[in-house]
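Structure file work.pdb (PDB, C-alpha atoms) is printed below.
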MODEL        1
ATOM      1  CA  MET A  10     -41.472  -0.145  -2.664
ATOM      2  CA  ASP A  11     -38.828   0.792  -5.230
ATOM      3  CA  ILE A  12     -38.459   4.588  -5.489
ATOM      4  CA  ASN A  13     -36.148   6.151  -8.074
ATOM      5  CA  TYR A  14     -33.245   7.943  -6.384
ATOM      6  CA  GLU A  15     -33.556  10.891  -8.817
ATOM      7  CA  LEU A  16     -37.116  11.539  -7.584
ATOM      8  CA  LEU A  17     -35.889  11.655  -3.996
ATOM      9  CA  LYS A  18     -33.026  13.963  -4.959
ATOM     10  CA  ILE A  19     -35.448  16.364  -6.653
ATOM     11  CA  PHE A  20     -37.828  16.191  -3.676
ATOM     12  CA  ASN A  21     -34.932  17.003  -1.333
ATOM     13  CA  GLU A  22     -33.928  20.039  -3.399
ATOM     14  CA  VAL A  23     -37.504  21.400  -3.606
ATOM     15  CA  ALA A  24     -37.972  20.959   0.154
ATOM     16  CA  LYS A  25     -34.640  22.653   0.864
ATOM     17  CA  GLU A  26     -35.290  25.605  -1.478
ATOM     18  CA  GLY A  27     -39.033  25.899  -0.814
ATOM     19  CA  SER A  28     -39.451  26.647  -4.494
ATOM     20  CA  ILE A  29     -39.927  24.703  -7.713
ATOM     21  CA  SER A  30     -38.096  27.306  -9.771
ATOM     22  CA  LYS A  31     -35.110  27.551  -7.436
ATOM     23  CA  ALA A  32     -34.846  23.759  -7.276
ATOM     24  CA  ALA A  33     -34.949  23.581 -11.088
ATOM     25  CA  GLU A  34     -32.187  26.176 -11.315
ATOM     26  CA  SER A  35     -30.057  24.371  -8.725
ATOM     27  CA  LEU A  36     -30.520  20.997 -10.439
ATOM     28  CA  HIS A  37     -30.072  22.429 -13.960
ATOM     29  CA  ILE A  38     -33.366  20.984 -15.210
ATOM     30  CA  SER A  39     -36.632  22.593 -16.338
ATOM     31  CA  GLN A  40     -39.422  23.600 -13.948
ATOM     32  CA  PRO A  41     -41.941  21.281 -15.682
ATOM     33  CA  ALA A  42     -39.515  18.384 -15.173
ATOM     34  CA  VAL A  43     -39.319  19.185 -11.433
ATOM     35  CA  THR A  44     -43.091  19.503 -11.156
ATOM     36  CA  GLN A  45     -43.630  16.222 -13.004
ATOM     37  CA  SER A  46     -41.098  14.442 -10.751
ATOM     38  CA  ILE A  47     -42.867  15.648  -7.609
ATOM     39  CA  HIS A  48     -46.219  14.475  -9.005
ATOM     40  CA  THR A  49     -44.699  11.084  -9.840
ATOM     41  CA  LEU A  50     -43.248  10.723  -6.343
ATOM     42  CA  GLU A  51     -46.544  11.704  -4.721
ATOM     43  CA  ASN A  52     -48.403   9.179  -6.875
ATOM     44  CA  ASN A  53     -45.895   6.455  -6.011
ATOM     45  CA  LEU A  54     -46.186   7.199  -2.298
ATOM     46  CA  GLY A  55     -49.926   7.774  -2.388
ATOM     47  CA  GLY A  56     -49.891  11.134  -0.588
ATOM     48  CA  ILE A  57     -49.325  14.882  -0.946
ATOM     49  CA  LEU A  58     -45.840  16.161  -0.106
ATOM     50  CA  PHE A  59     -46.145  19.891  -0.820
ATOM     51  CA  ILE A  60     -48.749  22.631  -0.533
ATOM     52  CA  ARG A  61     -48.458  25.162  -3.333
ATOM     53  CA  THR A  62     -48.540  28.833  -2.277
ATOM     54  CA  PRO A  63     -48.044  32.126  -4.171
ATOM     55  CA  LYS A  64     -44.557  32.375  -2.670
ATOM     56  CA  GLY A  65     -43.525  28.813  -3.432
ATOM     57  CA  VAL A  66     -44.174  25.460  -1.759
ATOM     58  CA  ILE A  67     -44.265  24.266   1.823
ATOM     59  CA  LEU A  68     -44.084  20.723   3.087
ATOM     60  CA  THR A  69     -47.121  18.911   4.416
ATOM     61  CA  ASP A  70     -46.767  17.236   7.802
ATOM     62  CA  GLU A  71     -46.140  13.942   6.026
ATOM     63  CA  GLY A  72     -43.701  15.674   3.693
ATOM     64  CA  LYS A  73     -41.778  17.057   6.693
ATOM     65  CA  GLU A  74     -41.394  13.558   8.125
ATOM     66  CA  LEU A  75     -40.145  12.194   4.815
ATOM     67  CA  TYR A  76     -37.760  15.124   4.352
ATOM     68  CA  SER A  77     -36.184  14.600   7.789
ATOM     69  CA  PHE A  78     -35.004  11.172   6.616
ATOM     70  CA  ILE A  79     -34.328  11.919   2.954
ATOM     71  CA  LYS A  80     -32.041  14.900   3.617
ATOM     72  CA  GLU A  81     -29.864  12.761   5.898
ATOM     73  CA  GLY A  82     -29.703  10.031   3.271
ATOM     74  CA  ILE A  83     -28.789  12.498   0.534
ATOM     75  CA  ASN A  84     -26.081  13.963   2.775
ATOM     76  CA  TYR A  85     -24.654  10.490   3.367
ATOM     77  CA  PHE A  86     -24.656   9.765  -0.343
ATOM     78  CA  ASN A  87     -22.966  13.068  -1.126
ATOM     79  CA  ASN A  88     -20.404  12.610   1.643
ATOM     80  CA  GLY A  89     -19.663   9.138   0.338
ATOM     81  CA  ILE A  90     -19.163  10.412  -3.195
ATOM     82  CA  ASN A  91     -17.011  13.304  -1.977
ATOM     83  CA  LYS A  92     -14.900  10.924   0.095
ATOM     84  CA  PHE A  93     -14.502   8.587  -2.851
ATOM     85  CA  MET A  94     -13.356  11.452  -5.086
ATOM     86  CA  SER A  95     -10.970  12.626  -2.381
ATOM     87  CA  LEU A  96      -9.450   9.161  -2.204
ATOM     88  CA  LYS A  97      -9.292   8.982  -5.993
ATOM     89  CA  LYS A  98      -7.410  12.285  -6.150
ATOM     90  CA  LEU A  99      -5.302  11.126  -3.179
ATOM     91  CA  ASP A 100      -6.238  14.173  -1.117
ATOM     92  CA  SER A 101      -6.753  11.734   1.745
ATOM     93  CA  GLY A 102      -6.518   8.023   2.475
ATOM     94  CA  THR A 103      -3.938   5.590   3.802
ATOM     95  CA  LEU A 104      -1.203   3.384   2.399
ATOM     96  CA  LYS A 105      -0.185   0.367   4.478
ATOM     97  CA  ILE A 106       3.215  -1.008   3.465
ATOM     98  CA  GLY A 107       5.093  -4.026   4.775
ATOM     99  CA  SER A 108       8.781  -4.893   4.394
ATOM    100  CA  SER A 109      11.833  -5.969   6.353
ATOM    101  CA  ALA A 110      13.636  -3.265   8.337
ATOM    102  CA  VAL A 111      16.679  -3.341   6.056
ATOM    103  CA  ILE A 112      14.575  -2.994   2.886
ATOM    104  CA  SER A 113      12.655  -0.124   4.496
ATOM    105  CA  GLU A 114      15.910   1.681   5.196
ATOM    106  CA  HIS A 115      17.997   0.942   2.118
ATOM    107  CA  TYR A 116      15.439   0.523  -0.684
ATOM    108  CA  LEU A 117      11.963   1.673   0.224
ATOM    109  CA  MET A 118      12.753   5.093   1.692
ATOM    110  CA  LYS A 119      13.446   6.666  -1.705
ATOM    111  CA  TYR A 120      10.082   5.634  -3.134
ATOM    112  CA  ILE A 121       8.134   6.615  -0.028
ATOM    113  CA  GLY A 122       9.816  10.012  -0.281
ATOM    114  CA  LEU A 123       8.652  10.400  -3.891
ATOM    115  CA  PHE A 124       5.125   9.343  -2.943
ATOM    116  CA  THR A 125       4.802  11.684   0.064
ATOM    117  CA  GLU A 126       6.180  14.579  -1.961
ATOM    118  CA  LYS A 127       3.427  14.064  -4.523
ATOM    119  CA  TYR A 128       0.624  13.089  -2.118
ATOM    120  CA  PRO A 129       1.357  14.672   1.279
ATOM    121  CA  ASN A 130      -2.159  14.093   2.654
ATOM    122  CA  VAL A 131      -2.092  10.308   2.340
ATOM    123  CA  LYS A 132      -1.147   8.723   5.652
ATOM    124  CA  ILE A 133       1.480   5.993   5.451
ATOM    125  CA  SER A 134       1.879   3.028   7.781
ATOM    126  CA  ILE A 135       5.036   0.899   7.558
ATOM    127  CA  THR A 136       5.148  -2.534   9.155
ATOM    128  CA  ASN A 137       8.479  -4.346   9.435
ATOM    129  CA  GLY A 138       8.591  -8.102   9.707
ATOM    130  CA  LEU A 139       9.449 -11.390   8.081
ATOM    131  CA  THR A 140       7.908 -12.325   4.734
ATOM    132  CA  GLU A 141       5.665 -14.957   6.329
ATOM    133  CA  SER A 142       4.007 -12.462   8.685
ATOM    134  CA  LEU A 143       3.815  -9.797   5.981
ATOM    135  CA  THR A 144       2.013 -12.089   3.526
ATOM    136  CA  LYS A 145      -0.426 -12.931   6.309
ATOM    137  CA  GLY A 146      -1.042  -9.200   6.659
ATOM    138  CA  LEU A 147      -1.815  -8.996   2.944
ATOM    139  CA  ARG A 148      -4.341 -11.807   3.168
ATOM    140  CA  ASN A 149      -6.272 -10.309   6.095
ATOM    141  CA  GLY A 150      -6.201  -6.733   4.782
ATOM    142  CA  ALA A 151      -3.827  -5.335   7.419
ATOM    143  CA  LEU A 152      -1.398  -4.432   4.611
ATOM    144  CA  ASP A 153      -2.007  -3.068   1.111
ATOM    145  CA  ILE A 154       1.370  -3.976  -0.370
ATOM    146  CA  ILE A 155       4.636  -5.583   0.715
ATOM    147  CA  ILE A 156       8.166  -5.190  -0.622
ATOM    148  CA  THR A 157       9.975  -8.485  -0.319
ATOM    149  CA  SER A 158      11.890 -11.238  -2.047
ATOM    150  CA  LEU A 159      10.121 -13.673  -4.337
ATOM    151  CA  VAL A 160       6.846 -14.964  -2.906
ATOM    152  CA  GLU A 161       5.419 -18.175  -4.311
ATOM    153  CA  ASP A 162       1.857 -18.302  -3.052
ATOM    154  CA  LYS A 163      -1.387 -18.715  -5.009
ATOM    155  CA  ASP A 164      -3.031 -16.029  -2.858
ATOM    156  CA  ILE A 165      -0.262 -13.488  -3.492
ATOM    157  CA  GLU A 166       0.629 -11.701  -6.736
ATOM    158  CA  PHE A 167       4.384 -10.984  -6.905
ATOM    159  CA  ASN A 168       5.929  -8.510  -9.357
ATOM    160  CA  GLU A 169       9.697  -8.260  -9.705
ATOM    161  CA  LEU A 170      11.323  -4.828  -9.387
ATOM    162  CA  THR A 171      15.018  -5.636  -9.247
ATOM    163  CA  THR A 172      17.545  -8.255  -8.107
ATOM    164  CA  LEU A 173      19.712  -8.313  -5.000
ATOM    165  CA  GLU A 174      23.209  -9.737  -4.789
ATOM    166  CA  ASP A 175      24.485 -11.293  -1.557
ATOM    167  CA  ILE A 176      28.272 -11.132  -1.239
ATOM    168  CA  PHE A 177      30.944 -12.022   1.304
ATOM    169  CA  VAL A 178      32.696  -9.074   2.899
ATOM    170  CA  GLY A 179      35.216  -8.343   5.633
ATOM    171  CA  ASN A 180      37.048  -5.329   7.016
ATOM    172  CA  ALA A 181      40.459  -4.170   5.789
ATOM    173  CA  ASN A 182      42.166  -7.172   7.440
ATOM    174  CA  TYR A 183      40.400  -9.489   5.009
ATOM    175  CA  LYS A 184      41.095  -7.464   1.879
ATOM    176  CA  ASP A 185      42.624  -9.287  -1.129
ATOM    177  CA  LYS A 186      42.514 -12.697   0.526
ATOM    178  CA  LYS A 187      40.617 -15.829  -0.450
ATOM    179  CA  TYR A 188      38.471 -17.689   2.059
ATOM    180  CA  ASP A 189      36.891 -21.096   2.324
ATOM    181  CA  ILE A 190      33.492 -20.788   3.987
ATOM    182  CA  GLU A 191      33.692 -24.397   5.156
ATOM    183  CA  LYS A 192      36.843 -23.598   7.157
ATOM    184  CA  ASP A 193      36.924 -19.875   7.908
ATOM    185  CA  LYS A 194      34.627 -18.123  10.369
ATOM    186  CA  LEU A 195      31.394 -16.947   8.807
ATOM    187  CA  LEU A 196      28.963 -14.369  10.170
ATOM    188  CA  ILE A 197      25.418 -14.627   8.832
ATOM    189  CA  GLN A 198      21.850 -13.561   9.527
ATOM    190  CA  LYS A 199      19.671 -15.843  11.596
ATOM    191  CA  GLU A 200      16.892 -17.868  10.033
ATOM    192  CA  PRO A 201      14.405 -17.149   8.554
ATOM    193  CA  SER A 202      15.723 -13.990   6.847
ATOM    194  CA  GLU A 203      15.482 -13.974   3.051
ATOM    195  CA  THR A 204      19.275 -13.688   2.745
ATOM    196  CA  ARG A 205      19.725 -16.731   4.948
ATOM    197  CA  LYS A 206      16.963 -18.686   3.206
ATOM    198  CA  ASN A 207      18.523 -18.055  -0.211
ATOM    199  CA  PHE A 208      21.951 -19.055   1.105
ATOM    200  CA  ASP A 209      20.726 -22.216   2.843
ATOM    201  CA  ASN A 210      18.889 -23.403  -0.274
ATOM    202  CA  PHE A 211      22.003 -22.803  -2.351
ATOM    203  CA  ILE A 212      24.487 -24.653  -0.110
ATOM    204  CA  LYS A 213      22.038 -27.526   0.376
ATOM    205  CA  ASP A 214      22.014 -28.133  -3.370
ATOM    206  CA  LYS A 215      25.817 -27.877  -3.461
ATOM    207  CA  GLY A 216      26.395 -30.133  -0.453
ATOM    208  CA  ILE A 217      28.393 -27.413   1.352
ATOM    209  CA  THR A 218      28.652 -27.141   5.148
ATOM    210  CA  PRO A 219      29.722 -23.600   6.113
ATOM    211  CA  ASN A 220      31.624 -22.800   9.300
ATOM    212  CA  ILE A 221      28.984 -20.525  10.827
ATOM    213  CA  TYR A 222      30.670 -18.709  13.692
ATOM    214  CA  MET A 223      28.025 -16.115  14.537
ATOM    215  CA  GLU A 224      24.322 -15.683  13.718
ATOM    216  CA  ILE A 225      22.799 -12.216  14.003
ATOM    217  CA  VAL A 226      19.172 -11.167  13.458
ATOM    218  CA  SER A 227      19.740  -7.658  12.078
ATOM    219  CA  HIS A 228      21.473  -7.027   8.750
ATOM    220  CA  ASN A 229      22.708  -3.653   9.997
ATOM    221  CA  LEU A 230      24.130  -5.223  13.165
ATOM    222  CA  LEU A 231      25.779  -7.918  11.063
ATOM    223  CA  VAL A 232      27.529  -5.164   9.102
ATOM    224  CA  LYS A 233      28.774  -3.528  12.320
ATOM    225  CA  TYR A 234      30.228  -6.783  13.655
ATOM    226  CA  THR A 235      31.948  -7.354  10.330
ATOM    227  CA  LYS A 236      33.478  -3.882  10.387
ATOM    228  CA  ASN A 237      34.881  -4.717  13.808
ATOM    229  CA  GLY A 238      36.720  -7.750  12.467
ATOM    230  CA  PHE A 239      34.727 -10.669  13.858
ATOM    231  CA  GLY A 240      35.000 -12.514  10.541
ATOM    232  CA  ILE A 241      33.643 -12.453   7.019
ATOM    233  CA  ALA A 242      29.923 -12.027   6.537
ATOM    234  CA  LEU A 243      27.258 -12.628   3.925
ATOM    235  CA  VAL A 244      25.519  -9.298   3.298
ATOM    236  CA  THR A 245      23.421  -7.701   0.560
ATOM    237  CA  LYS A 246      25.642  -5.678  -1.762
ATOM    238  CA  GLU A 247      22.979  -3.095  -2.621
ATOM    239  CA  PHE A 248      22.542  -2.272   1.073
ATOM    240  CA  ILE A 249      26.225  -1.581   1.871
ATOM    241  CA  LYS A 250      27.129   0.679  -1.052
ATOM    242  CA  GLU A 251      28.332   3.465   1.251
ATOM    243  CA  ASP A 252      30.674   1.115   3.129
ATOM    244  CA  LEU A 253      31.971  -0.963   0.223
ATOM    245  CA  ASN A 254      35.647  -0.354  -0.535
ATOM    246  CA  LYS A 255      35.855   1.937   2.515
ATOM    247  CA  ASP A 256      35.100   0.038   5.722
ATOM    248  CA  LEU A 257      34.118  -3.204   4.037
ATOM    249  CA  PHE A 258      35.715  -5.115   1.177
ATOM    250  CA  GLU A 259      34.361  -7.942  -0.934
ATOM    251  CA  VAL A 260      36.350 -11.100  -0.257
ATOM    252  CA  LYS A 261      36.900 -14.021  -2.568
ATOM    253  CA  THR A 262      35.423 -17.334  -1.495
ATOM    254  CA  ASN A 263      35.042 -20.764  -3.000
ATOM    255  CA  ILE A 264      31.353 -20.109  -3.826
ATOM    256  CA  LYS A 265      29.170 -17.393  -5.361
ATOM    257  CA  VAL A 266      25.625 -17.066  -4.043
ATOM    258  CA  PRO A 267      22.977 -16.598  -6.780
ATOM    259  CA  LYS A 268      21.071 -13.327  -6.970
ATOM    260  CA  ARG A 269      17.549 -13.144  -5.600
ATOM    261  CA  LYS A 270      14.498 -11.249  -6.759
ATOM    262  CA  LEU A 271      13.058  -8.232  -4.967
ATOM    263  CA  GLY A 272       9.608  -6.958  -5.809
ATOM    264  CA  TYR A 273       6.228  -5.888  -4.557
ATOM    265  CA  ALA A 274       3.402  -8.221  -3.677
ATOM    266  CA  ILE A 275      -0.327  -7.587  -3.402
ATOM    267  CA  LYS A 276      -3.240  -9.866  -2.669
ATOM    268  CA  ALA A 277      -4.155 -11.890  -5.753
ATOM    269  CA  ASN A 278      -7.476 -11.223  -7.496
ATOM    270  CA  SER A 279      -8.004  -7.995  -5.555
ATOM    271  CA  ILE A 280      -8.507  -4.387  -6.616
ATOM    272  CA  PRO A 281      -5.768  -2.207  -5.075
ATOM    273  CA  SER A 282      -6.729   1.127  -3.530
ATOM    274  CA  PHE A 283      -6.006   4.340  -5.433
ATOM    275  CA  ALA A 284      -3.047   5.002  -3.130
ATOM    276  CA  THR A 285      -1.638   1.513  -3.693
ATOM    277  CA  LYS A 286      -1.982   1.828  -7.473
ATOM    278  CA  GLU A 287      -0.126   5.146  -7.454
ATOM    279  CA  PHE A 288       2.627   3.779  -5.227
ATOM    280  CA  ILE A 289       3.086   0.856  -7.617
ATOM    281  CA  LYS A 290       3.485   3.349 -10.475
ATOM    282  CA  ILE A 291       6.249   5.074  -8.527
ATOM    283  CA  LEU A 292       7.944   1.754  -7.731
ATOM    284  CA  ASN A 293       7.883   0.789 -11.404
ATOM    285  CA  ASN A 294       9.379   4.100 -12.489
ATOM    286  CA  LYS A 295      12.991   3.090 -11.833
ATOM    287  CA  ASN A 296      14.398   6.367 -13.137
ATOM    288  CA  SER A 297      12.175   8.648 -11.079
TER
ENDMDL
END

How does this structure look as structure tokens?
Amino acid sequence: MDINYELLKIFNEVAKEGSISKAAESLHISQPAVTQSIHTLENNLGGILFIRTPKGVILTDEGKELYSFIKEGINYFNNGINKFMSLKKLDSGTLKIGSSAVISEHYLMKYIGLFTEKYPNVKISITNGLTESLTKGLRNGALDIIITSLVEDKDIEFNELTTLEDIFVGNANYKDKKYDIEKDKLLIQKEPSETRKNFDNFIKDKGITPNIYMEIVSHNLLVKYTKNGFGIALVTKEFIKEDLNKDLFEVKTNIKVPKRKLGYAIKANSIPSFATKEFIKILNNKNS
């Protein structure tokens, strides 16, 4: 049996108020419209729902049984709508972000700060990992958005935000000197970091064999070893701004590594949550 939801909503209001007139006032419709709706519902169900009295209406035994279910259903509907509107206004909800640790620290923090300032009630979850694991998180719904280097995957939609430049640096002992990466000691991140992947692809095309002296997982730890004079290192320029020309100095080498793209990625052909859409707006507002 297909019963119009509006009839059930009117029935619920009449049962709650115990009055046709009060229900009409609450629903902002006329009393005849309420009366007609109750008659229609009774005809559709094939039974009487209310007994009319001088003081209003009271439910029949059958009406009481129906009301016990309908009021719960109406409450669920209303709670669902209220929750949806709360999410839409970003008074609640979650935002699940994925990125590498170094991007989280040196790039993402600013934008998360802007987002939380504007929407303090949205809970944020940050997952750090390699691009491969982060894209997997996008596919299975564990993540809403990831901030990473270029992703070429039919299931992932990538949108460029900026470019990153990887440069060779050393401490003051290496300042104003030229180095040959095939001869001099080179410190570099371990595979499969995006910096390393970009570098490996570049030297493969050029037929270069670097003298890799030390491989380190963490970009921040790589910077510390470089400051302590273990050799020259390939690091991301945008992430060492505070140290550049103070504790670290760009050194001249026989190669220049091409820039790489940094952007956000979401699952292709999906509808982002309200929180994700708003975060993307903040990411795209470079001057915010």

Output of the PyMOL selection byres ((chain A and resi 112-115) around 9), listed as a PyMOL selection string
chain A and resi 107-111+116-119+135+137+156-157+247-249

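CA of Gln198 in chain A is positioned 5.3 Å from CA of Val226 in chain A.
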
Which residues match the PyMOL selection byres ((chain A and resi 281) around 12) in the file above, as a ChimeraX atom specification?
/A:97,103-105,147,150,152-154,166,274-280,282-289

Please save C-alpha atoms of the selected residues as a short mmCIF file (atom, residue, chain, number, x, y, z; two decimals), keeping the file's coordinate frame.
data_model
loop_
_atom_site.label_atom_id
_atom_site.label_comp_id
_atom_site.auth_asym_id
_atom_site.auth_seq_id
_atom_site.Cartn_x
_atom_site.Cartn_y
_atom_site.Cartn_z
CA LYS A 97 -9.29 8.98 -5.99
CA THR A 103 -3.94 5.59 3.80
CA LEU A 104 -1.20 3.38 2.40
CA LYS A 105 -0.18 0.37 4.48
CA LEU A 147 -1.82 -9.00 2.94
CA GLY A 150 -6.20 -6.73 4.78
CA LEU A 152 -1.40 -4.43 4.61
CA ASP A 153 -2.01 -3.07 1.11
CA ILE A 154 1.37 -3.98 -0.37
CA GLU A 166 0.63 -11.70 -6.74
CA ALA A 274 3.40 -8.22 -3.68
CA ILE A 275 -0.33 -7.59 -3.40
CA LYS A 276 -3.24 -9.87 -2.67
CA ALA A 277 -4.16 -11.89 -5.75
CA ASN A 278 -7.48 -11.22 -7.50
CA SER A 279 -8.00 -8.00 -5.56
CA ILE A 280 -8.51 -4.39 -6.62
CA SER A 282 -6.73 1.13 -3.53
CA PHE A 283 -6.01 4.34 -5.43
CA ALA A 284 -3.05 5.00 -3.13
CA THR A 285 -1.64 1.51 -3.69
CA LYS A 286 -1.98 1.83 -7.47
CA GLU A 287 -0.13 5.15 -7.45
CA PHE A 288 2.63 3.78 -5.23
CA ILE A 289 3.09 0.86 -7.62
#

Could you tell me, as a ChimeraX atom specification, exactly which residues end up selected when the PyMOL selection byres ((chain A and resi 186-190) around 12) is applied to this structure?
/A:177-185,191-197,212,217-222,240-243,258-266

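Candidate residues A:Val232, A:Glu34, A:Phe86, A:Leu58 were compared for distance to Phe20 in chain A, and the nearest is A:Leu58, using only C-alpha atoms.
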